[in-house]
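Presented below is the structure to which this report refers.
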Amino acid sequence: MTGTEGFPAIAIAPPTSDQVARYTAAAGDTNPIHTDMAAAAAIGLPDTPVPGLLILAMTEAAVRTWFPGEAATDISLTFSAPVFPGDALTAHARIAARSQTARGEEMTVRIRLTHGDGRIAAIGALHVLRAPTA
Amino acid sequence: MTEDGKPLGSVDFTAEVDPARVEALAASAGLAADPVPMTYPACWLFAPPVRGLVERLIGEGRLPIHVSQRYRYDRPLTAGGHYHVHVDVRETRPQNRPGLSVDMTAVDADGRAVVEARSSIVIHDPGKRAAGP
């Protein structure tokens, strides 16, 4: 991707309720809003929201596609709209800054997740270190 | 990461990067398990000492919603490695709503910094207002 400021958008497979169940079981997340419709409804949501932590983990998979073999040292997302099972998301990335340091090429990358209708689901940032080649 | 908000409590514990848990978390997110995912420390947020503190601070009958999450690394996690984890919880108002900031730092057996994480949580009181994100 050297020489370009944008990266190909990546379609994230719509998360499923089974996937949420497997993630929350593995993580130890017992928040009922992610699995119990009544709990989600109690706070005004029409369905059980996908955990933000799972969305960030799924975004990490996109990051590994954008930057294979390179070291990401910082990743963050702020969630602006709920994501529900079955929602299609697209991950977008563009380089906001890059510099050469003693460690190699360092890049700050802006990340955006959008719903199928274009609404922003989350925005965030990534810091990547591309080590010098021998 | 800068510290802001009223301190509400802290916990310390030792955690292992459990290879089986790495596999399970990675598989559920569509990630390879090697290297250990950057997002693995999510499970430390639900370790009993942290969960106990956060649940006590949130209060019975109220529900947390994650509104942002960050992980910043000095060096990668190692599957099977053991880490000392320190967590500070502060009172904040993310998105101008009642909430908590959960700040976690992990150091390795040699005392070297490994990862910092910050979670911002909004506290919802069912029946009082509609949820945000």
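Each chain in the structure tokens gets a letter, A, B and so on, in the order shown; residues start at 1 in every chain, and ligands are counted from 1 in the order they appear.
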Name the residues of stretch 6-131 of chain B that fall into strand (DSSP E or B) according to DSSP on the backbone, using the chain letters and numbers of this document, as a PDB file with N, CA and C atoms, in the first residue's frame.
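The resulting file, states22.pdb, is shown below:
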```
ATOM      1  N   LYS B   6     -13.264  11.106  38.501  1.00  0.00           N
ATOM      2  CA  LYS B   6     -13.088  10.779  39.921  1.00  0.00           C
ATOM      3  C   LYS B   6     -12.735   9.305  40.090  1.00  0.00           C
ATOM      4  N   PRO B   7     -11.629   9.001  40.791  1.00  0.00           N
ATOM      5  CA  PRO B   7     -11.277   7.582  41.011  1.00  0.00           C
ATOM      6  C   PRO B   7     -12.329   6.901  41.892  1.00  0.00           C
ATOM      7  N   LEU B   8     -12.726   5.710  41.472  1.00  0.00           N
ATOM      8  CA  LEU B   8     -13.764   4.978  42.204  1.00  0.00           C
ATOM      9  C   LEU B   8     -13.265   3.661  42.788  1.00  0.00           C
ATOM     10  N   GLY B   9     -12.183   3.134  42.259  1.00  0.00           N
ATOM     11  CA  GLY B   9     -11.679   1.873  42.780  1.00  0.00           C
ATOM     12  C   GLY B   9     -10.634   1.270  41.878  1.00  0.00           C
ATOM     13  N   SER B  10      -9.867   0.327  42.438  1.00  0.00           N
ATOM     14  CA  SER B  10      -8.808  -0.339  41.687  1.00  0.00           C
ATOM     15  C   SER B  10      -8.758  -1.800  42.087  1.00  0.00           C
ATOM     16  N   VAL B  11      -8.273  -2.625  41.180  1.00  0.00           N
ATOM     17  CA  VAL B  11      -8.014  -4.028  41.498  1.00  0.00           C
ATOM     18  C   VAL B  11      -6.713  -4.445  40.809  1.00  0.00           C
ATOM     19  N   ASP B  12      -6.058  -5.449  41.374  1.00  0.00           N
ATOM     20  CA  ASP B  12      -4.855  -6.047  40.802  1.00  0.00           C
ATOM     21  C   ASP B  12      -5.048  -7.551  40.777  1.00  0.00           C
ATOM     22  N   PHE B  13      -4.561  -8.169  39.738  1.00  0.00           N
ATOM     23  CA  PHE B  13      -4.624  -9.629  39.669  1.00  0.00           C
ATOM     24  C   PHE B  13      -3.601 -10.132  38.664  1.00  0.00           C
ATOM     25  N   THR B  14      -3.358 -11.423  38.697  1.00  0.00           N
ATOM     26  CA  THR B  14      -2.464 -12.051  37.726  1.00  0.00           C
ATOM     27  C   THR B  14      -3.315 -12.801  36.722  1.00  0.00           C
ATOM     28  N   ALA B  15      -2.956 -12.653  35.447  1.00  0.00           N
ATOM     29  CA  ALA B  15      -3.747 -13.294  34.390  1.00  0.00           C
ATOM     30  C   ALA B  15      -2.822 -14.021  33.428  1.00  0.00           C
ATOM     31  N   GLU B  16      -3.324 -15.122  32.926  1.00  0.00           N
ATOM     32  CA  GLU B  16      -2.592 -15.872  31.909  1.00  0.00           C
ATOM     33  C   GLU B  16      -3.236 -15.620  30.545  1.00  0.00           C
ATOM     34  N   LEU B  63     -27.603  -1.227  33.619  1.00  0.00           N
ATOM     35  CA  LEU B  63     -26.919  -2.013  32.594  1.00  0.00           C
ATOM     36  C   LEU B  63     -25.834  -1.179  31.902  1.00  0.00           C
ATOM     37  N   PRO B  64     -24.663  -1.787  31.677  1.00  0.00           N
ATOM     38  CA  PRO B  64     -23.587  -1.062  30.999  1.00  0.00           C
ATOM     39  C   PRO B  64     -23.621  -1.259  29.483  1.00  0.00           C
ATOM     40  N   ILE B  65     -23.258  -0.204  28.769  1.00  0.00           N
ATOM     41  CA  ILE B  65     -23.041  -0.324  27.321  1.00  0.00           C
ATOM     42  C   ILE B  65     -21.677   0.277  27.010  1.00  0.00           C
ATOM     43  N   HIS B  66     -20.884  -0.519  26.315  1.00  0.00           N
ATOM     44  CA  HIS B  66     -19.560  -0.096  25.890  1.00  0.00           C
ATOM     45  C   HIS B  66     -19.701   0.961  24.800  1.00  0.00           C
ATOM     46  N   VAL B  67     -19.073   2.113  24.945  1.00  0.00           N
ATOM     47  CA  VAL B  67     -19.155   3.122  23.885  1.00  0.00           C
ATOM     48  C   VAL B  67     -17.813   3.373  23.208  1.00  0.00           C
ATOM     49  N   SER B  68     -16.720   2.976  23.841  1.00  0.00           N
ATOM     50  CA  SER B  68     -15.442   3.042  23.127  1.00  0.00           C
ATOM     51  C   SER B  68     -14.443   2.110  23.792  1.00  0.00           C
ATOM     52  N   GLN B  69     -13.446   1.718  23.000  1.00  0.00           N
ATOM     53  CA  GLN B  69     -12.427   0.793  23.499  1.00  0.00           C
ATOM     54  C   GLN B  69     -11.124   1.069  22.779  1.00  0.00           C
ATOM     55  N   ARG B  70     -10.056   1.063  23.554  1.00  0.00           N
ATOM     56  CA  ARG B  70      -8.716   1.248  22.970  1.00  0.00           C
ATOM     57  C   ARG B  70      -7.743   0.262  23.597  1.00  0.00           C
ATOM     58  N   TYR B  71      -6.814  -0.252  22.774  1.00  0.00           N
ATOM     59  CA  TYR B  71      -5.685  -1.046  23.260  1.00  0.00           C
ATOM     60  C   TYR B  71      -4.416  -0.419  22.692  1.00  0.00           C
ATOM     61  N   ARG B  72      -3.419  -0.188  23.567  1.00  0.00           N
ATOM     62  CA  ARG B  72      -2.133   0.352  23.111  1.00  0.00           C
ATOM     63  C   ARG B  72      -1.011  -0.552  23.628  1.00  0.00           C
ATOM     64  N   TYR B  73      -0.178  -1.019  22.714  1.00  0.00           N
ATOM     65  CA  TYR B  73       0.826  -2.023  23.051  1.00  0.00           C
ATOM     66  C   TYR B  73       2.246  -1.469  23.050  1.00  0.00           C
ATOM     67  N   HIS B  82       2.204 -15.063  31.536  1.00  0.00           N
ATOM     68  CA  HIS B  82       1.500 -14.565  32.715  1.00  0.00           C
ATOM     69  C   HIS B  82       1.807 -13.082  32.892  1.00  0.00           C
ATOM     70  N   TYR B  83       0.781 -12.333  33.272  1.00  0.00           N
ATOM     71  CA  TYR B  83       0.893 -10.881  33.347  1.00  0.00           C
ATOM     72  C   TYR B  83       0.263 -10.379  34.637  1.00  0.00           C
ATOM     73  N   HIS B  84       0.863  -9.293  35.151  1.00  0.00           N
ATOM     74  CA  HIS B  84       0.233  -8.615  36.282  1.00  0.00           C
ATOM     75  C   HIS B  84      -0.665  -7.522  35.711  1.00  0.00           C
ATOM     76  N   VAL B  85      -1.908  -7.559  36.103  1.00  0.00           N
ATOM     77  CA  VAL B  85      -2.891  -6.623  35.545  1.00  0.00           C
ATOM     78  C   VAL B  85      -3.376  -5.687  36.654  1.00  0.00           C
ATOM     79  N   HIS B  86      -3.359  -4.393  36.350  1.00  0.00           N
ATOM     80  CA  HIS B  86      -3.871  -3.381  37.280  1.00  0.00           C
ATOM     81  C   HIS B  86      -5.011  -2.646  36.584  1.00  0.00           C
ATOM     82  N   VAL B  87      -6.098  -2.467  37.303  1.00  0.00           N
ATOM     83  CA  VAL B  87      -7.276  -1.801  36.723  1.00  0.00           C
ATOM     84  C   VAL B  87      -7.724  -0.665  37.637  1.00  0.00           C
ATOM     85  N   ASP B  88      -7.883   0.508  37.046  1.00  0.00           N
ATOM     86  CA  ASP B  88      -8.459   1.662  37.740  1.00  0.00           C
ATOM     87  C   ASP B  88      -9.806   1.981  37.115  1.00  0.00           C
ATOM     88  N   VAL B  89     -10.790   2.255  37.949  1.00  0.00           N
ATOM     89  CA  VAL B  89     -12.106   2.653  37.444  1.00  0.00           C
ATOM     90  C   VAL B  89     -12.384   4.081  37.906  1.00  0.00           C
ATOM     91  N   ARG B  90     -12.818   4.901  36.956  1.00  0.00           N
ATOM     92  CA  ARG B  90     -13.095   6.307  37.238  1.00  0.00           C
ATOM     93  C   ARG B  90     -14.513   6.645  36.792  1.00  0.00           C
ATOM     94  N   GLU B  91     -15.057   7.645  37.461  1.00  0.00           N
ATOM     95  CA  GLU B  91     -16.387   8.146  37.090  1.00  0.00           C
ATOM     96  C   GLU B  91     -16.216   9.138  35.945  1.00  0.00           C
ATOM     97  N   THR B  92     -16.923   8.921  34.865  1.00  0.00           N
ATOM     98  CA  THR B  92     -16.833   9.837  33.720  1.00  0.00           C
ATOM     99  C   THR B  92     -18.238  10.071  33.167  1.00  0.00           C
ATOM    100  N   GLY B  99     -21.325   7.434  33.384  1.00  0.00           N
ATOM    101  CA  GLY B  99     -20.549   6.292  32.920  1.00  0.00           C
ATOM    102  C   GLY B  99     -19.284   6.079  33.714  1.00  0.00           C
ATOM    103  N   LEU B 100     -18.517   5.119  33.226  1.00  0.00           N
ATOM    104  CA  LEU B 100     -17.261   4.737  33.861  1.00  0.00           C
ATOM    105  C   LEU B 100     -16.171   4.655  32.812  1.00  0.00           C
ATOM    106  N   SER B 101     -14.950   4.956  33.241  1.00  0.00           N
ATOM    107  CA  SER B 101     -13.772   4.674  32.444  1.00  0.00           C
ATOM    108  C   SER B 101     -13.010   3.569  33.159  1.00  0.00           C
ATOM    109  N   VAL B 102     -12.736   2.486  32.450  1.00  0.00           N
ATOM    110  CA  VAL B 102     -12.010   1.361  33.023  1.00  0.00           C
ATOM    111  C   VAL B 102     -10.643   1.318  32.349  1.00  0.00           C
ATOM    112  N   ASP B 103      -9.611   1.647  33.111  1.00  0.00           N
ATOM    113  CA  ASP B 103      -8.253   1.702  32.572  1.00  0.00           C
ATOM    114  C   ASP B 103      -7.456   0.506  33.075  1.00  0.00           C
ATOM    115  N   MET B 104      -6.877  -0.235  32.153  1.00  0.00           N
ATOM    116  CA  MET B 104      -6.154  -1.466  32.494  1.00  0.00           C
ATOM    117  C   MET B 104      -4.729  -1.357  31.996  1.00  0.00           C
ATOM    118  N   THR B 105      -3.777  -1.774  32.823  1.00  0.00           N
ATOM    119  CA  THR B 105      -2.398  -1.898  32.363  1.00  0.00           C
ATOM    120  C   THR B 105      -1.921  -3.301  32.710  1.00  0.00           C
ATOM    121  N   ALA B 106      -1.122  -3.884  31.823  1.00  0.00           N
ATOM    122  CA  ALA B 106      -0.571  -5.218  32.071  1.00  0.00           C
ATOM    123  C   ALA B 106       0.932  -5.155  31.873  1.00  0.00           C
ATOM    124  N   VAL B 107       1.654  -5.751  32.820  1.00  0.00           N
ATOM    125  CA  VAL B 107       3.107  -5.857  32.710  1.00  0.00           C
ATOM    126  C   VAL B 107       3.480  -7.328  32.744  1.00  0.00           C
ATOM    127  N   ALA B 113       6.257  -3.012  30.607  1.00  0.00           N
ATOM    128  CA  ALA B 113       4.915  -2.656  30.155  1.00  0.00           C
ATOM    129  C   ALA B 113       4.576  -3.427  28.885  1.00  0.00           C
ATOM    130  N   VAL B 114       3.372  -3.954  28.823  1.00  0.00           N
ATOM    131  CA  VAL B 114       2.938  -4.724  27.655  1.00  0.00           C
ATOM    132  C   VAL B 114       1.764  -4.040  26.960  1.00  0.00           C
ATOM    133  N   VAL B 115       0.698  -3.810  27.694  1.00  0.00           N
ATOM    134  CA  VAL B 115      -0.495  -3.246  27.053  1.00  0.00           C
ATOM    135  C   VAL B 115      -1.248  -2.352  28.035  1.00  0.00           C
ATOM    136  N   GLU B 116      -1.813  -1.279  27.487  1.00  0.00           N
ATOM    137  CA  GLU B 116      -2.763  -0.432  28.205  1.00  0.00           C
ATOM    138  C   GLU B 116      -4.081  -0.526  27.461  1.00  0.00           C
ATOM    139  N   ALA B 117      -5.157  -0.518  28.200  1.00  0.00           N
ATOM    140  CA  ALA B 117      -6.471  -0.518  27.560  1.00  0.00           C
ATOM    141  C   ALA B 117      -7.374   0.466  28.283  1.00  0.00           C
ATOM    142  N   ARG B 118      -8.247   1.088  27.536  1.00  0.00           N
ATOM    143  CA  ARG B 118      -9.249   1.970  28.142  1.00  0.00           C
ATOM    144  C   ARG B 118     -10.613   1.616  27.574  1.00  0.00           C
ATOM    145  N   SER B 119     -11.553   1.385  28.471  1.00  0.00           N
ATOM    146  CA  SER B 119     -12.934   1.108  28.094  1.00  0.00           C
ATOM    147  C   SER B 119     -13.800   2.233  28.620  1.00  0.00           C
ATOM    148  N   SER B 120     -14.659   2.778  27.770  1.00  0.00           N
ATOM    149  CA  SER B 120     -15.643   3.764  28.218  1.00  0.00           C
ATOM    150  C   SER B 120     -17.012   3.115  28.188  1.00  0.00           C
ATOM    151  N   ILE B 121     -17.684   3.231  29.307  1.00  0.00           N
ATOM    152  CA  ILE B 121     -18.969   2.546  29.497  1.00  0.00           C
ATOM    153  C   ILE B 121     -20.017   3.561  29.907  1.00  0.00           C
ATOM    154  N   VAL B 122     -21.154   3.510  29.245  1.00  0.00           N
ATOM    155  CA  VAL B 122     -22.315   4.304  29.657  1.00  0.00           C
ATOM    156  C   VAL B 122     -23.203   3.418  30.520  1.00  0.00           C
ATOM    157  N   ILE B 123     -23.727   4.002  31.590  1.00  0.00           N
ATOM    158  CA  ILE B 123     -24.601   3.240  32.481  1.00  0.00           C
ATOM    159  C   ILE B 123     -26.052   3.599  32.169  1.00  0.00           C
ATOM    160  N   HIS B 124     -26.820   2.571  31.851  1.00  0.00           N
ATOM    161  CA  HIS B 124     -28.239   2.786  31.555  1.00  0.00           C
ATOM    162  C   HIS B 124     -29.098   2.305  32.715  1.00  0.00           C
TER     163      HIS B 124
END
```
Residues of chain B that have any atom at most 8 Å from an atom of chain A: could you tabulate them with the shortest-distance atom pair and the distance in Å to one decimal, using only C-alpha atoms, ordered by chain and increasing number, as CSV?
```
residue,atom,partner,partner_atom,distance
B:Arg21,CA,A:Ala26,CA,6.2
B:Ala24,CA,A:Ala26,CA,5.9
B:Leu25,CA,A:Ala26,CA,5.7
B:Ala26,CA,A:Ala57,CA,7.9
B:Ser28,CA,A:Tyr23,CA,5.4
B:Ala29,CA,A:Met58,CA,5.0
B:Gly30,CA,A:Met58,CA,6.5
B:Leu31,CA,A:Ala61,CA,5.4
B:Pro37,CA,A:Glu60,CA,7.7
B:Met38,CA,A:Glu60,CA,7.5
B:Thr39,CA,A:Ala57,CA,5.6
B:Ala42,CA,A:Ala27,CA,6.6
B:Cys43,CA,A:Ala27,CA,4.3
B:Trp44,CA,A:Ala27,CA,7.9
B:Phe46,CA,A:Gly28,CA,5.6
B:Ala47,CA,A:Gly28,CA,7.4
B:Leu63,CA,A:Asn31,CA,7.5
B:Pro64,CA,A:Asn31,CA,7.5
B:His66,CA,A:Gly52,CA,6.1
B:Val67,CA,A:Phe79,CA,5.2
B:Ser68,CA,A:Thr78,CA,4.1
B:Gln69,CA,A:Ser76,CA,5.5
B:Arg70,CA,A:Ser76,CA,4.0
B:Tyr71,CA,A:Ile75,CA,5.5
B:Arg72,CA,A:Asp74,CA,4.2
B:Tyr73,CA,A:Thr73,CA,4.9
B:Asp74,CA,A:Thr73,CA,7.0
B:Arg75,CA,A:Thr73,CA,7.9
B:His124,CA,A:Ile43,CA,6.7
B:Asp125,CA,A:Ile43,CA,7.3
B:Pro126,CA,A:Ile43,CA,5.0
B:Gly127,CA,A:Ala42,CA,6.4
B:Arg129,CA,A:Ile43,CA,7.0
B:Ala130,CA,A:Gly44,CA,4.6
B:Ala131,CA,A:Ile43,CA,5.3
B:Gly132,CA,A:Ala81,CA,7.1
B:Pro133,CA,A:Ala81,CA,4.2
```
Export, as an mmCIF file, in the first residue's frame, the selected residues with N, CA and C atoms.
```cif
data_model
loop_
_atom_site.group_PDB
_atom_site.id
_atom_site.type_symbol
_atom_site.label_atom_id
_atom_site.label_comp_id
_atom_site.auth_asym_id
_atom_site.auth_seq_id
_atom_site.Cartn_x
_atom_site.Cartn_y
_atom_site.Cartn_z
ATOM 1 N N ARG B 21 -8.330 -20.137 25.311
ATOM 2 C CA ARG B 21 -9.200 -18.961 25.251
ATOM 3 C C ARG B 21 -8.825 -18.083 24.056
ATOM 4 N N ALA B 24 -10.522 -19.658 21.153
ATOM 5 C CA ALA B 24 -11.978 -19.467 21.150
ATOM 6 C C ALA B 24 -12.352 -18.026 20.787
ATOM 7 N N LEU B 25 -11.648 -17.066 21.379
ATOM 8 C CA LEU B 25 -11.953 -15.664 21.075
ATOM 9 C C LEU B 25 -11.631 -15.342 19.617
ATOM 10 N N ALA B 26 -10.473 -15.814 19.168
ATOM 11 C CA ALA B 26 -10.067 -15.521 17.793
ATOM 12 C C ALA B 26 -11.049 -16.146 16.805
ATOM 13 N N SER B 28 -14.147 -16.871 17.183
ATOM 14 C CA SER B 28 -15.461 -16.221 17.188
ATOM 15 C C SER B 28 -15.440 -14.898 16.442
ATOM 16 N N ALA B 29 -14.256 -14.308 16.297
ATOM 17 C CA ALA B 29 -14.151 -13.010 15.608
ATOM 18 C C ALA B 29 -13.600 -13.146 14.196
ATOM 19 N N GLY B 30 -13.322 -14.374 13.762
ATOM 20 C CA GLY B 30 -12.776 -14.561 12.419
ATOM 21 C C GLY B 30 -11.299 -14.226 12.313
ATOM 22 N N LEU B 31 -10.594 -14.349 13.445
ATOM 23 C CA LEU B 31 -9.173 -14.027 13.492
ATOM 24 C C LEU B 31 -8.345 -15.301 13.616
ATOM 25 N N PRO B 37 -4.319 -12.110 19.350
ATOM 26 C CA PRO B 37 -5.010 -10.884 18.921
ATOM 27 C C PRO B 37 -4.783 -9.710 19.875
ATOM 28 N N MET B 38 -4.679 -8.529 19.279
ATOM 29 C CA MET B 38 -4.561 -7.308 20.090
ATOM 30 C C MET B 38 -5.748 -7.151 21.017
ATOM 31 N N THR B 39 -6.883 -7.677 20.585
ATOM 32 C CA THR B 39 -8.125 -7.484 21.335
ATOM 33 C C THR B 39 -8.336 -8.563 22.405
ATOM 34 N N ALA B 42 -9.688 -8.104 26.183
ATOM 35 C CA ALA B 42 -11.111 -7.929 26.480
ATOM 36 C C ALA B 42 -11.547 -8.888 27.572
ATOM 37 N N CYS B 43 -11.003 -10.107 27.533
ATOM 38 C CA CYS B 43 -11.469 -11.085 28.525
ATOM 39 C C CYS B 43 -11.016 -10.713 29.936
ATOM 40 N N TRP B 44 -9.947 -9.940 30.066
ATOM 41 C CA TRP B 44 -9.523 -9.506 31.397
ATOM 42 C C TRP B 44 -10.493 -8.480 31.985
ATOM 43 N N PHE B 46 -13.495 -8.879 32.068
ATOM 44 C CA PHE B 46 -14.554 -9.667 32.706
ATOM 45 C C PHE B 46 -13.994 -10.632 33.749
ATOM 46 N N ALA B 47 -12.714 -10.463 34.080
ATOM 47 C CA ALA B 47 -12.138 -11.268 35.172
ATOM 48 C C ALA B 47 -12.905 -10.951 36.451
ATOM 49 N N LEU B 63 -27.603 -1.227 33.619
ATOM 50 C CA LEU B 63 -26.919 -2.013 32.594
ATOM 51 C C LEU B 63 -25.834 -1.179 31.902
ATOM 52 N N PRO B 64 -24.663 -1.787 31.677
ATOM 53 C CA PRO B 64 -23.587 -1.062 30.999
ATOM 54 C C PRO B 64 -23.621 -1.259 29.483
ATOM 55 N N HIS B 66 -20.884 -0.519 26.315
ATOM 56 C CA HIS B 66 -19.560 -0.096 25.890
ATOM 57 C C HIS B 66 -19.701 0.961 24.800
ATOM 58 N N VAL B 67 -19.073 2.113 24.945
ATOM 59 C CA VAL B 67 -19.155 3.122 23.885
ATOM 60 C C VAL B 67 -17.813 3.373 23.208
ATOM 61 N N SER B 68 -16.720 2.976 23.841
ATOM 62 C CA SER B 68 -15.442 3.042 23.127
ATOM 63 C C SER B 68 -14.443 2.110 23.792
ATOM 64 N N GLN B 69 -13.446 1.718 23.000
ATOM 65 C CA GLN B 69 -12.427 0.793 23.499
ATOM 66 C C GLN B 69 -11.124 1.069 22.779
ATOM 67 N N ARG B 70 -10.056 1.063 23.554
ATOM 68 C CA ARG B 70 -8.716 1.248 22.970
ATOM 69 C C ARG B 70 -7.743 0.262 23.597
ATOM 70 N N TYR B 71 -6.814 -0.252 22.774
ATOM 71 C CA TYR B 71 -5.685 -1.046 23.260
ATOM 72 C C TYR B 71 -4.416 -0.419 22.692
ATOM 73 N N ARG B 72 -3.419 -0.188 23.567
ATOM 74 C CA ARG B 72 -2.133 0.352 23.111
ATOM 75 C C ARG B 72 -1.011 -0.552 23.628
ATOM 76 N N TYR B 73 -0.178 -1.019 22.714
ATOM 77 C CA TYR B 73 0.826 -2.023 23.051
ATOM 78 C C TYR B 73 2.246 -1.469 23.050
ATOM 79 N N ASP B 74 3.032 -1.916 24.043
ATOM 80 C CA ASP B 74 4.484 -1.721 24.013
ATOM 81 C C ASP B 74 5.176 -2.950 23.458
ATOM 82 N N ARG B 75 4.608 -4.100 23.670
ATOM 83 C CA ARG B 75 5.117 -5.362 23.122
ATOM 84 C C ARG B 75 3.951 -6.337 23.056
ATOM 85 N N HIS B 124 -26.820 2.571 31.851
ATOM 86 C CA HIS B 124 -28.239 2.786 31.555
ATOM 87 C C HIS B 124 -29.098 2.305 32.715
ATOM 88 N N ASP B 125 -30.054 3.131 33.037
ATOM 89 C CA ASP B 125 -31.032 2.763 34.055
ATOM 90 C C ASP B 125 -32.314 2.409 33.308
ATOM 91 N N PRO B 126 -32.646 1.125 33.179
ATOM 92 C CA PRO B 126 -33.808 0.744 32.375
ATOM 93 C C PRO B 126 -35.057 1.510 32.785
ATOM 94 N N GLY B 127 -35.749 1.981 31.779
ATOM 95 C CA GLY B 127 -36.984 2.691 32.038
ATOM 96 C C GLY B 127 -36.820 4.185 32.136
ATOM 97 N N ARG B 129 -34.372 6.091 30.258
ATOM 98 C CA ARG B 129 -34.081 6.727 28.986
ATOM 99 C C ARG B 129 -33.723 5.659 27.977
ATOM 100 N N ALA B 130 -33.834 6.022 26.697
ATOM 101 C CA ALA B 130 -33.492 5.088 25.638
ATOM 102 C C ALA B 130 -31.985 4.969 25.525
ATOM 103 N N ALA B 131 -31.533 3.807 24.998
ATOM 104 C CA ALA B 131 -30.110 3.571 24.830
ATOM 105 C C ALA B 131 -29.567 4.380 23.675
ATOM 106 N N GLY B 132 -28.269 4.679 23.733
ATOM 107 C CA GLY B 132 -27.573 5.359 22.648
ATOM 108 C C GLY B 132 -27.082 4.350 21.652
ATOM 109 N N PRO B 133 -25.732 4.186 21.543
ATOM 110 C CA PRO B 133 -25.240 3.238 20.554
ATOM 111 C C PRO B 133 -25.559 1.809 20.947
#
```
For this session: as a PyMOL selection string, list the residues of stretch 1-125 of chain B assigned to helix (DSSP H, G or I) by DSSP on the backbone atoms of this structure.
Result: chain B and resi 19-29+40-46+48-58+94-96
Problem set entry | All residues 10 Å or closer to A:Leu129, only C-alpha atoms, same chain fewer than 3 positions away omitted, as a ChimeraX atom specification | /A:67,70-74,98-101,103-108,132
Using N, CA and C atoms, can you export the residues from the last selection as an mmCIF file, in the first residue's frame?
```cif
data_model
loop_
_atom_site.group_PDB
_atom_site.id
_atom_site.type_symbol
_atom_site.label_atom_id
_atom_site.label_comp_id
_atom_site.auth_asym_id
_atom_site.auth_seq_id
_atom_site.Cartn_x
_atom_site.Cartn_y
_atom_site.Cartn_z
ATOM 1 N N PHE A 67 -2.811 -4.823 6.681
ATOM 2 C CA PHE A 67 -1.402 -4.750 7.078
ATOM 3 C C PHE A 67 -0.857 -6.142 7.418
ATOM 4 N N GLU A 70 2.568 -6.818 9.509
ATOM 5 C CA GLU A 70 3.074 -5.584 10.104
ATOM 6 C C GLU A 70 2.501 -5.428 11.507
ATOM 7 N N ALA A 71 3.215 -4.683 12.334
ATOM 8 C CA ALA A 71 2.863 -4.616 13.750
ATOM 9 C C ALA A 71 1.932 -3.444 14.021
ATOM 10 N N ALA A 72 0.698 -3.741 14.359
ATOM 11 C CA ALA A 72 -0.214 -2.709 14.851
ATOM 12 C C ALA A 72 0.032 -2.580 16.351
ATOM 13 N N THR A 73 0.224 -1.358 16.819
ATOM 14 C CA THR A 73 0.550 -1.160 18.228
ATOM 15 C C THR A 73 -0.552 -0.432 18.993
ATOM 16 N N ASP A 74 -1.538 0.046 18.292
ATOM 17 C CA ASP A 74 -2.588 0.822 18.957
ATOM 18 C C ASP A 74 -3.846 0.700 18.104
ATOM 19 N N ARG A 98 2.055 9.664 8.319
ATOM 20 C CA ARG A 98 3.119 8.655 8.274
ATOM 21 C C ARG A 98 4.457 9.346 8.481
ATOM 22 N N SER A 99 5.385 8.606 9.100
ATOM 23 C CA SER A 99 6.702 9.186 9.351
ATOM 24 C C SER A 99 7.731 8.074 9.390
ATOM 25 N N GLN A 100 8.969 8.431 9.084
ATOM 26 C CA GLN A 100 10.077 7.500 9.198
ATOM 27 C C GLN A 100 10.753 7.727 10.542
ATOM 28 N N THR A 101 10.902 6.669 11.314
ATOM 29 C CA THR A 101 11.588 6.774 12.595
ATOM 30 C C THR A 101 12.660 5.696 12.632
ATOM 31 N N ARG A 103 12.579 3.167 14.208
ATOM 32 C CA ARG A 103 11.948 1.835 14.264
ATOM 33 C C ARG A 103 11.423 1.389 12.908
ATOM 34 N N GLY A 104 11.310 2.328 11.975
ATOM 35 C CA GLY A 104 10.758 1.985 10.663
ATOM 36 C C GLY A 104 9.744 3.024 10.251
ATOM 37 N N GLU A 105 8.831 2.640 9.366
ATOM 38 C CA GLU A 105 7.783 3.556 8.932
ATOM 39 C C GLU A 105 6.594 3.427 9.872
ATOM 40 N N GLU A 106 6.193 4.551 10.463
ATOM 41 C CA GLU A 106 5.062 4.527 11.385
ATOM 42 C C GLU A 106 3.892 5.245 10.736
ATOM 43 N N MET A 107 2.729 4.635 10.854
ATOM 44 C CA MET A 107 1.535 5.182 10.211
ATOM 45 C C MET A 107 0.396 5.300 11.222
ATOM 46 N N THR A 108 -0.298 6.427 11.138
ATOM 47 C CA THR A 108 -1.558 6.579 11.867
ATOM 48 C C THR A 108 -2.673 6.433 10.844
ATOM 49 N N PRO A 132 11.839 -1.797 8.981
ATOM 50 C CA PRO A 132 12.663 -1.710 7.775
ATOM 51 C C PRO A 132 12.936 -3.093 7.207
#
```
Problem set entry | Straight-line distance linking atom CA of A:Gly6 with atom CA of A:His92, stated in Å to one decimal |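 Atom CA of A:His92 lies at a distance of 8.3 Å from atom CA of A:Gly6.
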For this session: Work out how far atom CA of A:Ile95 is from atom CA of B:Val22, in Å to one decimal.
Result: 29.4 Å
For this session: For B:Pro19, list every protein, DNA or RNA residue within 9 Å, evaluated using only C-alpha atoms, and leave out those in the same chain fewer than 4 positions away; present the list as a PyMOL selection string.
Result: chain B and resi 23-24+33+36+79-80
Store the residues of this selection in a file with N, CA and C atoms, as a compact mmCIF listing (two decimals), in the first residue's frame.
```txt
# COMPACT_ATOMS: atom_id res chain seq x y z
N GLU B 23 -7.74 -19.19 21.25
CA GLU B 23 -8.34 -19.89 20.10
C GLU B 23 -9.83 -19.58 20.01
N ALA B 24 -10.52 -19.66 21.15
CA ALA B 24 -11.98 -19.47 21.15
C ALA B 24 -12.35 -18.03 20.79
N ALA B 33 -5.37 -17.23 15.55
CA ALA B 33 -4.98 -17.18 16.96
C ALA B 33 -3.50 -16.85 17.14
N VAL B 36 -1.21 -13.64 19.07
CA VAL B 36 -2.32 -13.39 19.98
C VAL B 36 -3.01 -12.08 19.55
N ALA B 79 1.16 -16.21 24.00
CA ALA B 79 0.27 -17.29 24.46
C ALA B 79 0.97 -18.08 25.56
N GLY B 80 0.26 -18.31 26.65
CA GLY B 80 0.83 -19.01 27.79
C GLY B 80 1.53 -18.08 28.77
```
